[in-house]
$ cat input12.txt   # compact mmCIF, C-alpha atoms and all ligand atoms
# COMPACT_ATOMS: atom_id res chain seq x y z
CA MET A 1 0.00 0.00 0.00
CA THR A 2 1.42 3.42 -0.94
CA ALA A 3 1.46 6.33 1.52
CA THR A 4 -1.46 8.03 -0.28
CA GLY A 5 -3.27 4.70 -0.53
CA GLY A 6 -2.95 4.27 3.22
CA SER A 7 -4.21 7.74 4.11
CA ALA A 8 -6.99 7.41 1.53
CA TYR A 9 -8.07 4.17 3.21
CA TRP A 10 -8.17 5.80 6.63
CA ALA A 11 -9.93 8.86 5.22
CA ALA A 12 -12.64 6.57 3.84
CA VAL A 13 -12.97 4.78 7.19
CA ILE A 14 -13.18 8.04 9.15
CA ILE A 15 -15.66 9.68 6.79
CA GLY A 16 -17.82 6.55 6.73
CA GLY A 17 -17.66 6.58 10.53
CA LEU A 18 -18.76 10.22 10.66
CA VAL A 19 -21.78 9.44 8.46
CA LEU A 20 -22.77 6.59 10.79
CA ALA A 21 -22.11 8.67 13.93
CA LYS A 22 -24.56 11.31 12.73
CA LEU A 23 -27.19 8.67 11.95
CA GLY A 24 -26.62 7.04 15.33
CA MET A 25 -27.12 10.35 17.12
CA GLN A 26 -30.26 11.10 15.10
CA LEU A 27 -31.80 7.73 15.89
CA VAL A 28 -31.02 8.14 19.59
CA LEU A 29 -32.65 11.60 19.54
CA GLU A 30 -35.79 10.17 17.88
CA TRP A 31 -35.92 7.41 20.47
CA LEU A 32 -35.48 9.84 23.38
CA ASN A 33 -38.17 12.08 21.97
CA ARG A 34 -40.67 9.23 21.57
CA LYS A 35 -39.95 8.07 25.13
CA ASN A 36 -40.49 11.58 26.48
CA VAL A 37 -43.72 12.12 24.58
CA THR A 38 -45.13 8.73 25.58
CA ALA A 39 -44.25 9.36 29.24
CA HIS A 40 -46.05 12.73 29.22
CA ALA A 41 -49.06 11.24 27.45
CA LYS A 42 -49.83 9.17 30.56
CA THR A 43 -49.85 12.18 32.89
CA VAL A 44 -50.81 15.21 30.83
CA PRO A 45 -48.85 18.27 32.07
CA GLU A 46 -51.04 21.00 33.64
CA ALA A 47 -49.79 23.64 31.17
CA VAL A 48 -50.81 21.47 28.22
CA LYS A 49 -54.41 21.23 29.49
CA ASP A 50 -54.83 24.98 28.93
CA VAL A 51 -53.77 24.65 25.31
CA MET A 52 -55.35 21.46 23.98
CA ASP A 53 -58.35 19.38 24.96
CA GLN A 54 -57.69 15.71 25.71
CA ALA A 55 -58.64 14.46 22.22
CA THR A 56 -56.45 17.01 20.41
CA TYR A 57 -53.57 16.34 22.76
CA GLU A 58 -53.79 12.58 22.12
CA LYS A 59 -53.88 13.27 18.40
CA SER A 60 -50.78 15.47 18.66
CA VAL A 61 -49.00 12.65 20.51
CA ARG A 62 -49.92 10.15 17.77
CA TYR A 63 -48.79 12.63 15.10
CA THR A 64 -45.43 13.14 16.84
CA LEU A 65 -44.88 9.38 17.21
CA ASP A 66 -45.83 8.69 13.58
CA GLN A 67 -43.51 11.46 12.41
CA SER A 68 -40.69 10.04 14.51
CA ARG A 69 -41.10 6.53 13.06
CA PHE A 70 -41.11 8.03 9.58
CA HIS A 71 -37.96 10.03 10.35
CA GLN A 72 -36.20 6.84 11.49
CA VAL A 73 -36.93 5.08 8.21
CA ALA A 74 -36.13 8.18 6.11
CA LEU A 75 -32.82 8.90 7.90
CA SER A 76 -31.65 5.29 7.61
CA TYR A 77 -32.68 5.08 3.95
CA ARG A 78 -30.79 8.27 3.13
CA VAL A 79 -27.64 7.01 4.84
CA VAL A 80 -27.78 3.71 2.91
CA VAL A 81 -28.16 5.69 -0.34
CA LEU A 82 -25.28 8.02 0.63
CA MET A 83 -22.95 5.13 1.53
CA VAL A 84 -23.69 3.33 -1.74
CA ILE A 85 -23.10 6.54 -3.72
CA LEU A 86 -19.84 7.29 -1.87
CA PHE A 87 -18.25 3.86 -1.84
CA SER A 88 -19.64 1.92 -4.81
CA GLY A 89 -17.50 3.80 -7.32
CA VAL A 90 -20.57 5.14 -9.15
CA LEU A 91 -19.33 8.73 -8.80
CA PRO A 92 -15.88 8.32 -10.42
CA TRP A 93 -17.44 6.04 -13.07
CA SER A 94 -20.12 8.61 -14.02
CA HIS A 95 -17.54 11.42 -13.86
CA ASP A 96 -15.28 9.60 -16.35
CA LEU A 97 -18.26 8.85 -18.56
CA CYS A 98 -19.23 12.54 -18.71
CA LYS A 99 -15.66 13.67 -19.27
CA ALA A 100 -15.34 11.26 -22.21
CA ALA A 101 -18.66 12.32 -23.71
CA TRP A 102 -18.75 16.08 -23.10
CA GLY A 103 -15.21 17.12 -22.27
CA GLU A 104 -14.22 19.14 -19.21
CA SER A 105 -15.55 22.61 -19.97
CA PRO A 106 -17.23 24.42 -17.04
CA TRP A 107 -20.66 23.97 -18.67
CA ALA A 108 -20.13 20.23 -19.22
CA MET A 109 -19.01 19.71 -15.63
CA ALA A 110 -21.82 21.90 -14.28
CA MET A 111 -24.25 19.70 -16.21
CA TYR A 112 -22.62 16.63 -14.67
CA LEU A 113 -23.05 18.03 -11.14
CA PHE A 114 -26.63 19.00 -11.93
CA ILE A 115 -27.49 15.49 -13.17
CA VAL A 116 -25.91 13.84 -10.13
CA GLY A 117 -27.82 16.23 -7.85
CA ALA A 118 -31.12 15.58 -9.62
CA ALA A 119 -30.54 11.81 -9.59
CA ILE A 120 -29.79 11.80 -5.87
CA SER A 121 -32.81 13.91 -4.96
CA SER A 122 -35.06 11.72 -7.15
CA LEU A 123 -34.14 8.83 -4.85
CA SER A 124 -35.99 10.67 -2.05
CA LEU A 125 -39.21 11.04 -4.08
CA PRO A 126 -40.91 7.94 -2.59
CA LEU A 127 -40.23 9.27 0.92
CA ASP A 128 -41.51 12.75 0.05
CA TRP A 129 -44.61 11.23 -1.49
CA PHE A 130 -45.29 9.08 1.57
CA GLU A 131 -44.82 12.02 3.91
CA GLN A 132 -47.31 14.20 2.03
CA PHE A 133 -49.98 11.66 1.04
CA GLN A 134 -49.79 9.23 3.94
CA LEU A 135 -48.39 10.90 7.04
CA GLU A 136 -49.68 14.45 6.55
CA ALA A 137 -52.92 13.24 4.96
CA ARG A 138 -53.66 10.92 7.91
CA TYR A 139 -53.85 13.97 10.20
CA GLY A 140 -55.82 16.11 7.77
CA PHE A 141 -52.96 18.43 6.81
CA ASN A 142 -52.59 17.52 3.16
CA THR A 143 -54.76 19.45 0.70
CA MET A 144 -52.56 18.75 -2.33
CA THR A 145 -53.47 16.66 -5.33
CA GLY A 146 -50.97 14.16 -6.74
CA ARG A 147 -50.91 16.20 -9.91
CA LEU A 148 -49.92 19.42 -8.11
CA TRP A 149 -47.21 17.50 -6.25
CA TRP A 150 -45.63 16.39 -9.53
CA ILE A 151 -45.98 19.87 -11.07
CA ASP A 152 -44.18 21.34 -8.04
CA ARG A 153 -41.31 18.88 -8.51
CA LEU A 154 -41.01 19.67 -12.21
CA LYS A 155 -41.07 23.42 -11.55
CA GLY A 156 -38.38 22.98 -8.90
CA LEU A 157 -36.24 21.05 -11.36
CA ALA A 158 -36.74 23.68 -14.06
CA LEU A 159 -35.78 26.43 -11.60
CA ALA A 160 -32.63 24.55 -10.61
CA LEU A 161 -31.78 24.19 -14.29
CA VAL A 162 -32.37 27.88 -15.08
CA LEU A 163 -30.76 29.34 -11.93
CA GLY A 164 -28.49 26.67 -10.44
CA LEU A 165 -26.79 25.40 -13.58
CA PRO A 166 -25.39 28.81 -14.68
CA LEU A 167 -24.20 29.45 -11.11
CA LEU A 168 -22.34 26.11 -11.07
CA ALA A 169 -20.81 26.84 -14.47
CA LEU A 170 -19.72 30.27 -13.23
CA VAL A 171 -18.08 28.79 -10.12
CA LEU A 172 -16.20 26.24 -12.26
CA GLN A 173 -15.16 28.98 -14.68
CA LEU A 174 -13.85 31.04 -11.76
CA VAL A 175 -11.69 28.09 -10.70
CA GLU A 176 -10.09 28.21 -14.15
CA TRP A 177 -9.72 31.97 -14.17
CA THR A 178 -8.58 32.78 -10.66
CA GLY A 179 -6.42 29.76 -9.71
CA LEU A 180 -5.81 29.09 -6.01
CA ARG A 181 -7.85 32.07 -4.86
CA TRP A 182 -10.95 30.75 -6.64
CA TRP A 183 -12.72 30.09 -3.33
CA PHE A 184 -13.01 33.80 -2.61
CA TRP A 185 -14.37 34.65 -6.05
CA ALA A 186 -16.75 31.70 -6.07
CA TRP A 187 -18.06 32.87 -2.72
CA ALA A 188 -18.49 36.43 -4.02
CA ALA A 189 -20.39 35.05 -7.02
CA LEU A 190 -22.67 33.07 -4.71
CA MET A 191 -23.39 36.16 -2.60
CA GLY A 192 -24.26 38.17 -5.71
CA PHE A 193 -26.47 35.34 -6.89
CA GLN A 194 -28.30 35.25 -3.55
CA MET A 195 -28.99 38.99 -3.78
CA VAL A 196 -30.48 38.54 -7.23
CA ILE A 197 -32.65 35.66 -5.98
CA THR A 198 -33.91 37.74 -3.03
CA VAL A 199 -35.01 40.45 -5.44
CA LEU A 200 -36.45 38.01 -7.99
CA ALA A 201 -38.18 35.68 -5.54
CA PRO A 202 -41.31 37.75 -4.80
CA VAL A 203 -41.73 38.83 -8.42
CA VAL A 204 -40.82 35.73 -10.40
CA ILE A 205 -40.23 32.63 -8.27
CA LEU A 206 -42.95 32.62 -5.59
CA PRO A 207 -45.78 33.38 -8.08
CA LEU A 208 -44.75 30.21 -9.94
CA PHE A 209 -45.99 28.18 -7.00
CA ASN A 210 -48.70 30.29 -5.34
CA LYS A 211 -51.29 32.95 -6.00
CA PHE A 212 -50.92 36.26 -4.16
CA SER A 213 -53.81 38.69 -3.77
CA PRO A 214 -54.19 41.92 -1.76
CA LEU A 215 -55.78 41.47 1.65
CA GLN A 216 -59.51 42.12 1.16
CA ASP A 217 -60.72 42.34 4.74
CA GLU A 218 -60.89 46.12 5.32
CA ASN A 219 -60.99 45.93 9.09
CA LEU A 220 -57.98 43.63 9.29
CA ARG A 221 -56.07 45.63 6.72
CA THR A 222 -56.53 48.88 8.66
CA ARG A 223 -55.45 47.18 11.86
CA LEU A 224 -52.27 45.75 10.30
CA THR A 225 -51.41 48.95 8.42
CA GLU A 226 -51.71 50.92 11.65
CA LEU A 227 -49.42 48.47 13.37
CA ALA A 228 -46.85 48.83 10.56
CA GLU A 229 -47.00 52.63 10.86
CA ARG A 230 -46.75 52.52 14.64
CA THR A 231 -43.63 50.34 14.44
CA ARG A 232 -42.15 52.37 11.53
CA PHE A 233 -42.22 49.32 9.31
CA GLN A 234 -42.32 50.18 5.63
CA ALA A 235 -44.38 47.83 3.53
CA ARG A 236 -45.85 48.33 0.14
CA SER A 237 -48.80 45.98 0.58
CA ILE A 238 -50.31 43.18 2.59
CA GLN A 239 -50.82 40.06 0.49
CA VAL A 240 -52.69 36.83 1.07
CA MET A 241 -51.10 33.62 -0.21
CA ASP A 242 -53.11 30.52 -1.08
CA GLY A 243 -51.15 28.20 1.24
CA SER A 244 -54.32 26.08 1.55
CA ARG A 245 -53.64 24.68 -1.92
CA ARG A 246 -51.00 22.45 -0.39
CA SER A 247 -51.41 22.14 3.35
CA ARG A 248 -53.42 23.18 6.41
CA HIS A 249 -50.19 24.31 8.12
CA SER A 250 -50.01 28.10 8.36
CA ASN A 251 -47.40 30.85 8.26
CA ALA A 252 -46.60 34.53 7.69
CA PHE A 253 -43.51 36.20 6.18
CA PHE A 254 -42.05 39.23 4.40
CA THR A 255 -40.61 39.41 0.92
CA GLY A 256 -38.52 42.02 -0.89
CA PHE A 257 -36.29 44.87 0.21
CA GLY A 258 -36.98 48.41 1.44
CA ARG A 259 -40.03 50.05 -0.02
CA PHE A 260 -40.75 46.97 -2.14
CA ARG A 261 -41.32 44.95 0.99
CA LYS A 262 -44.59 43.02 1.15
CA ILE A 263 -46.23 41.37 4.11
CA VAL A 264 -47.53 37.91 3.18
CA LEU A 265 -50.11 36.05 5.25
CA PHE A 266 -51.17 32.47 4.47
CA ASP A 267 -54.91 32.19 3.89
CA THR A 268 -54.86 29.36 6.45
CA LEU A 269 -53.42 31.75 9.06
CA ILE A 270 -56.19 34.31 8.48
CA GLU A 271 -58.73 31.52 8.80
CA GLN A 272 -57.27 30.25 12.08
CA LEU A 273 -56.59 33.47 13.98
CA SER A 274 -58.69 36.45 15.10
CA PRO A 275 -57.71 39.97 13.87
CA VAL A 276 -55.98 40.90 17.13
CA GLU A 277 -54.05 37.62 17.12
CA LEU A 278 -52.94 38.25 13.53
CA GLU A 279 -51.79 41.69 14.61
CA ALA A 280 -49.71 40.10 17.39
CA VAL A 281 -48.15 37.62 14.93
CA LEU A 282 -47.27 40.47 12.59
CA ALA A 283 -45.84 42.44 15.52
CA HIS A 284 -43.60 39.44 16.27
CA GLU A 285 -42.40 39.34 12.64
CA ILE A 286 -41.77 43.10 12.68
CA GLY A 287 -39.79 42.48 15.88
CA HIS A 288 -37.37 40.30 13.89
CA PHE A 289 -37.05 43.13 11.43
CA ARG A 290 -36.60 45.96 13.92
CA LYS A 291 -34.03 43.99 15.92
CA LYS A 292 -32.10 43.44 12.66
CA HIS A 293 -32.23 39.65 13.01
CA ILE A 294 -32.44 39.07 9.27
CA PRO A 295 -29.21 40.91 8.22
CA LYS A 296 -27.42 39.37 11.21
CA LEU A 297 -28.42 35.85 10.15
CA LEU A 298 -27.51 36.63 6.54
CA ALA A 299 -24.07 37.81 7.63
CA LEU A 300 -23.61 34.66 9.68
CA SER A 301 -24.58 32.39 6.78
CA ALA A 302 -22.30 34.39 4.45
CA LEU A 303 -19.40 33.72 6.83
CA ALA A 304 -20.35 30.04 6.97
CA SER A 305 -20.34 29.71 3.18
CA LEU A 306 -17.00 31.52 2.98
CA ALA A 307 -15.60 28.96 5.42
CA GLY A 308 -17.24 26.23 3.31
CA PHE A 309 -15.62 27.35 0.06
CA PHE A 310 -12.25 27.73 1.78
CA THR A 311 -12.57 24.17 3.12
CA ILE A 312 -13.35 22.85 -0.37
CA SER A 313 -10.27 24.64 -1.73
CA LEU A 314 -8.14 22.95 0.95
CA LEU A 315 -9.68 19.51 0.37
CA ALA A 316 -9.24 19.92 -3.38
CA GLN A 317 -5.47 19.99 -2.80
CA GLN A 318 -5.45 16.71 -0.84
CA GLU A 319 -4.73 13.60 -2.82
CA TRP A 320 -6.18 11.32 -0.09
CA PHE A 321 -9.54 13.06 -0.28
CA TYR A 322 -9.93 12.11 -3.94
CA ARG A 323 -8.49 8.63 -3.57
CA ALA A 324 -10.77 7.81 -0.64
CA PHE A 325 -13.71 7.86 -3.05
CA GLY A 326 -11.94 6.45 -6.10
CA PHE A 327 -11.36 9.73 -7.95
CA ASP A 328 -8.19 10.87 -9.68
CA SER A 329 -7.04 14.18 -8.26
CA GLY A 330 -6.57 17.29 -10.35
CA SER A 331 -10.15 18.43 -10.96
CA ILE A 332 -12.24 20.58 -8.65
CA VAL A 333 -15.49 18.81 -9.60
CA PRO A 334 -15.17 15.77 -7.29
CA ALA A 335 -14.21 18.06 -4.39
CA LEU A 336 -17.36 20.17 -4.89
CA LEU A 337 -19.51 17.07 -5.21
CA LEU A 338 -18.08 15.30 -2.18
CA PHE A 339 -18.30 18.45 -0.09
CA ALA A 340 -21.97 18.90 -1.01
CA LEU A 341 -22.67 15.29 -0.03
CA LEU A 342 -20.67 15.34 3.19
CA SER A 343 -20.89 18.82 4.71
CA GLY A 344 -24.04 17.86 6.66
CA VAL A 345 -22.02 15.22 8.52
CA VAL A 346 -20.07 18.06 10.17
CA THR A 347 -22.62 20.89 10.28
CA PHE A 348 -25.19 18.66 12.04
CA TRP A 349 -23.17 18.89 15.25
CA PHE A 350 -23.39 22.68 15.15
CA SER A 351 -27.19 22.74 14.93
CA PRO A 352 -27.66 23.14 18.72
CA LEU A 353 -25.62 26.33 18.52
CA ALA A 354 -27.58 27.64 15.52
CA ASN A 355 -30.89 26.78 17.21
CA TRP A 356 -29.85 28.40 20.47
CA TRP A 357 -29.08 31.54 18.50
CA SER A 358 -32.37 31.41 16.64
CA ARG A 359 -34.38 30.84 19.84
CA ARG A 360 -32.80 33.92 21.41
CA TYR A 361 -34.11 35.89 18.45
CA GLU A 362 -37.57 34.38 18.85
CA PHE A 363 -37.70 35.45 22.50
CA GLN A 364 -36.58 38.96 21.47
CA ALA A 365 -39.26 39.16 18.79
CA ASP A 366 -41.87 37.98 21.31
CA ALA A 367 -40.70 40.69 23.72
CA PHE A 368 -40.96 43.27 20.98
CA ALA A 369 -44.50 42.13 20.12
CA SER A 370 -45.69 42.31 23.74
CA GLN A 371 -44.20 45.78 24.04
CA VAL A 372 -45.91 47.02 20.89
CA MET A 373 -49.22 45.35 21.76
CA ASN A 374 -48.88 46.41 25.39
CA GLU A 375 -50.17 42.98 26.41
CA THR A 376 -49.16 39.36 25.93
CA ASP A 377 -52.59 37.69 25.67
CA SER A 378 -53.09 38.04 21.92
CA LEU A 379 -49.68 36.64 21.01
CA ALA A 380 -50.07 33.84 23.55
CA GLY A 381 -53.56 33.17 22.14
CA ALA A 382 -52.20 33.06 18.59
CA LEU A 383 -49.36 30.70 19.55
CA ARG A 384 -51.76 28.42 21.39
CA LYS A 385 -54.10 28.21 18.43
CA LEU A 386 -51.20 27.56 16.07
CA ALA A 387 -49.85 24.80 18.33
CA GLU A 388 -53.33 23.26 18.39
CA LYS A 389 -54.00 23.52 14.65
CA ASN A 390 -50.53 22.23 13.75
CA LEU A 391 -50.68 19.44 16.38
CA SER A 392 -47.32 20.66 17.69
CA ASN A 393 -45.41 18.48 20.07
CA LEU A 394 -45.66 20.40 23.35
CA THR A 395 -43.26 18.15 25.26
CA PRO A 396 -40.20 17.37 23.11
CA HIS A 397 -37.19 15.82 24.81
CA PRO A 398 -34.74 18.66 25.70
CA ALA A 399 -31.93 17.05 23.67
CA TYR A 400 -34.26 16.68 20.69
CA SER A 401 -35.39 20.31 20.76
CA CYS A 402 -31.76 21.33 21.20
CA PHE A 403 -30.88 19.73 17.85
CA TYR A 404 -34.07 20.38 15.87
CA TYR A 405 -36.11 23.28 17.27
CA SER A 406 -35.27 26.69 15.87
CA HIS A 407 -38.22 28.07 17.89
CA PRO A 408 -38.79 27.72 21.64
CA THR A 409 -41.73 25.47 22.48
CA LEU A 410 -45.06 27.09 23.30
CA LEU A 411 -44.65 26.38 27.01
CA GLU A 412 -41.20 28.01 27.04
CA ARG A 413 -42.57 31.08 25.28
CA GLU A 414 -45.50 31.35 27.67
CA ALA A 415 -43.12 31.05 30.64
CA ALA A 416 -41.14 33.97 29.20
CA PHE A 417 -44.36 36.03 28.84
CA LYS A 418 -45.18 35.46 32.49
CA LYS A 419 -41.73 36.60 33.59
CA ARG A 420 -42.02 39.78 31.58
CA ALA A 421 -44.63 42.26 32.74
CA PRO A 422 -45.66 44.35 29.71
CA THR A 423 -44.37 47.94 29.64
CA ALA A 424 -45.69 50.80 27.60
CA PRO A 425 -43.84 51.30 24.27
ZN ZN A 501 -40.14 34.44 14.86
$ encode --input "input12.txt" --output "structure tokens"
Amino acid sequence: MTATGGSAYWAAVIIGGLVLAKLGMQLVLEWLNRKNVTAHAKTVPEAVKDVMDQATYEKSVRYTLDQSRFHQVALSYRVVVLMVILFSGVLPWSHDLCKAAWGESPWAMAMYLFIVGAAISSLSLPLDWFEQFQLEARYGFNTMTGRLWWIDRLKGLALALVLGLPLLALVLQLVEWTGLRWWFWAWAALMGFQMVITVLAPVVILPLFNKFSPLQDENLRTRLTELAERTRFQARSIQVMDGSRRSRHSNAFFTGFGRFRKIVLFDTLIEQLSPVELEAVLAHEIGHFRKKHIPKLLALSALASLAGFFTISLLAQQEWFYRAFGFDSGSIVPALLLFALLSGVVTFWFSPLANWWSRRYEFQADAFASQVMNETDSLAGALRKLAEKNLSNLTPHPAYSCFYYSHPTLLEREAAFKKRAPTAP
């Protein structure tokens, strides 16, 4: 065995081990969560009784357990697929095939990466289908037809082809043009691309999937516009989105920059909440805006992708990294591909940190909303209704919520309301 052969062997063993370690941790978390939920189901916590009646609570427990069993199967299936893709030699084989057929131009290699990406995500289609039409449907959440589901997939693929493929080709071209410092320029290109997407999304991308119409309800519109003025939040319009075409789950968000900003409410949200509760939810969202959470998170993710590109540039110089998966070194393409497949194995362990950060922001936005509303009842009422309608798990295992919950649980948020007496704005 040569020196590179030896380190390539150990690299393969270690990376395979990391993939399995992540799966192991995820399965343990699912198991802990199921145990916790089942234990609470026997003695319903007092706080839960205020939020859900017995029947709804039992249904939420069954939903959580069914989701958890599905996650176990889905996680294991994905790891089997990943291991086969990494170690069967299918990647170097298909890479050679494409090189022989199309050459090594940036466009040809971008097409190769695109096809591999599409092929890998198509392997998840049966799971996605089951989740939507079995799991979600069983609890009355699915409102989608099979036809719409397929149309969504095709539109997603077309978008990836129109937007993703040129970006990939540009990154590969930059590697040729800028040599060892390519990682910086590729990152800059990605940032520019993200800016363009943010501007295009509300105008071109989102309308591909949903219908947006101005909020009709005069009373509600006045109430929300007054809130926006009171909080010095510039918005061009308040739009209603037909979320009910796909699911009973509900949401609210903003799109666009500056004076092009629009407030978007799901039709399901308007249906589920009273006007004052909707106002409180909007106040919470404006809280994120006023506390500058969005630019802060964008800056953080920009730093993370810079670190990511730098890591790829380092790995691309390591012979063992290529050899571990049967590639010949010398091309950036395998490094990009392997990084895309494997980065989750490392980033997973940072999710508690990211979630802790995100939950801090949620508490801050809640505090902002109670200050603006000068009371906490409407936001608490809204959150309770949303937990009920979405059959949220009110008693996740602490380790599970640490890894997976970007938002504090309802009971944690209510505890924070109680601690904080409202003060006049
Ligand atoms: Zn929030």
$ residues_around --input "input12.txt" --residues "Ser313 in chain A" --least-positions-apart "6" --cutoff "12 Å" --atoms "only C-alpha atoms" --output "list in words"
Val175, Gly179, Leu180, Arg181, Trp182, Trp183, Phe184, Trp185, Ala186, Trp187, Leu306, Ala307, Phe321, Gly330, Ser331, Ile332, Val333, Pro334, Ala335, Leu336 and Phe339 of chain A
$ closest_residue --input "input12.txt" --among "A:Leu161, A:Val61, A:Leu315, A:Val171" --to "Leu391 in chain A" --atoms "all atoms listed in the file"
A:Val61
$ closest_atom_pairs --input "input12.txt" --of "chain A" --to "ligand ZN 501 (chain A)" --cutoff "10 Å" --atoms "only C-alpha atoms and all ligand atoms" --output "Markdown table"
| residue | atom | partner | partner_atom | distance |
| --- | --- | --- | --- | --- |
| A:Ala252 | CA | A:ZN501 | ZN | 9.7 |
| A:Phe253 | CA | A:ZN501 | ZN | 9.5 |
| A:Val281 | CA | A:ZN501 | ZN | 8.6 |
| A:Leu282 | CA | A:ZN501 | ZN | 9.6 |
| A:Ala283 | CA | A:ZN501 | ZN | 9.8 |
| A:His284 | CA | A:ZN501 | ZN | 6.2 |
| A:Glu285 | CA | A:ZN501 | ZN | 5.8 |
| A:Ile286 | CA | A:ZN501 | ZN | 9.1 |
| A:Gly287 | CA | A:ZN501 | ZN | 8.1 |
| A:His288 | CA | A:ZN501 | ZN | 6.6 |
| A:Phe289 | CA | A:ZN501 | ZN | 9.8 |
| A:His293 | CA | A:ZN501 | ZN | 9.7 |
| A:Ser358 | CA | A:ZN501 | ZN | 8.5 |
| A:Arg359 | CA | A:ZN501 | ZN | 8.4 |
| A:Arg360 | CA | A:ZN501 | ZN | 9.9 |
| A:Tyr361 | CA | A:ZN501 | ZN | 7.2 |
| A:Glu362 | CA | A:ZN501 | ZN | 4.7 |
| A:Phe363 | CA | A:ZN501 | ZN | 8.1 |
| A:Gln364 | CA | A:ZN501 | ZN | 8.8 |
| A:Ala365 | CA | A:ZN501 | ZN | 6.2 |
| A:Asp366 | CA | A:ZN501 | ZN | 7.6 |
| A:Ser406 | CA | A:ZN501 | ZN | 9.2 |
| A:His407 | CA | A:ZN501 | ZN | 7.3 |
| A:Pro408 | CA | A:ZN501 | ZN | 9.6 |
$ residues_near_point --input "input12.txt" --point "(-48.0, 26.7, 15.2)" --cutoff "10 Å" --atoms "only C-alpha atoms" --output "short mmCIF file (atom, residue, chain, number, x, y, z; two decimals) with C-alpha atoms, keeping the file's coordinate frame"
data_model
loop_
_atom_site.label_atom_id
_atom_site.label_comp_id
_atom_site.auth_asym_id
_atom_site.auth_seq_id
_atom_site.Cartn_x
_atom_site.Cartn_y
_atom_site.Cartn_z
CA HIS A 249 -50.19 24.31 8.12
CA SER A 250 -50.01 28.10 8.36
CA ASN A 251 -47.40 30.85 8.26
CA LEU A 269 -53.42 31.75 9.06
CA ALA A 382 -52.20 33.06 18.59
CA LEU A 383 -49.36 30.70 19.55
CA ARG A 384 -51.76 28.42 21.39
CA LYS A 385 -54.10 28.21 18.43
CA LEU A 386 -51.20 27.56 16.07
CA ALA A 387 -49.85 24.80 18.33
CA GLU A 388 -53.33 23.26 18.39
CA LYS A 389 -54.00 23.52 14.65
CA ASN A 390 -50.53 22.23 13.75
CA LEU A 391 -50.68 19.44 16.38
CA SER A 392 -47.32 20.66 17.69
CA ASN A 393 -45.41 18.48 20.07
CA THR A 409 -41.73 25.47 22.48
CA LEU A 410 -45.06 27.09 23.30
#
$ closest_residue --input "input12.txt" --among "A:Tyr139, A:Phe133, A:Phe403, A:Trp102" --to "Thr56 in chain A" --atoms "only C-alpha atoms"
A:Tyr139
$ atom_distance --input "input12.txt" --atom1 "CA of Arg34 in chain A" --atom2 "CA of Arg69 in chain A"
8.9 Å
$ closest_residue --input "input12.txt" --among "A:Ser122, A:Leu224, A:Leu300, A:Val345" --to "Gly17 in chain A" --atoms "all atoms listed in the file"
A:Val345
$ closest_residue --input "input12.txt" --among "A:Lys296, A:Ile197, A:Cys98, A:Ala340" --to "Thr311 in chain A" --atoms "only C-alpha atoms"
A:Ala340
$ residues_near_point --input "input12.txt" --point "(-37.1, 19.5, -12.7)" --cutoff "12 Å" --atoms "all atoms listed in the file" --output "PDB file with C-alpha atoms, keeping the file's coordinate frame"
ATOM      1  CA  PHE A 114     -26.630  19.000 -11.930  1.00  0.00           C
ATOM      2  CA  ILE A 115     -27.490  15.490 -13.170  1.00  0.00           C
ATOM      3  CA  GLY A 117     -27.820  16.230  -7.850  1.00  0.00           C
ATOM      4  CA  ALA A 118     -31.120  15.580  -9.620  1.00  0.00           C
ATOM      5  CA  ALA A 119     -30.540  11.810  -9.590  1.00  0.00           C
ATOM      6  CA  SER A 121     -32.810  13.910  -4.960  1.00  0.00           C
ATOM      7  CA  SER A 122     -35.060  11.720  -7.150  1.00  0.00           C
ATOM      8  CA  TRP A 150     -45.630  16.390  -9.530  1.00  0.00           C
ATOM      9  CA  ILE A 151     -45.980  19.870 -11.070  1.00  0.00           C
ATOM     10  CA  ASP A 152     -44.180  21.340  -8.040  1.00  0.00           C
ATOM     11  CA  ARG A 153     -41.310  18.880  -8.510  1.00  0.00           C
ATOM     12  CA  LEU A 154     -41.010  19.670 -12.210  1.00  0.00           C
ATOM     13  CA  LYS A 155     -41.070  23.420 -11.550  1.00  0.00           C
ATOM     14  CA  GLY A 156     -38.380  22.980  -8.900  1.00  0.00           C
ATOM     15  CA  LEU A 157     -36.240  21.050 -11.360  1.00  0.00           C
ATOM     16  CA  ALA A 158     -36.740  23.680 -14.060  1.00  0.00           C
ATOM     17  CA  LEU A 159     -35.780  26.430 -11.600  1.00  0.00           C
ATOM     18  CA  ALA A 160     -32.630  24.550 -10.610  1.00  0.00           C
ATOM     19  CA  LEU A 161     -31.780  24.190 -14.290  1.00  0.00           C
ATOM     20  CA  VAL A 162     -32.370  27.880 -15.080  1.00  0.00           C
ATOM     21  CA  LEU A 163     -30.760  29.340 -11.930  1.00  0.00           C
ATOM     22  CA  GLY A 164     -28.490  26.670 -10.440  1.00  0.00           C
ATOM     23  CA  LEU A 165     -26.790  25.400 -13.580  1.00  0.00           C
TER      24      LEU A 165
END
$ closest_residue --input "input12.txt" --among "A:Lys291, A:Val199, A:Ala108, A:Met241" --to "Gly258 in chain A" --atoms "only C-alpha atoms"
A:Val199
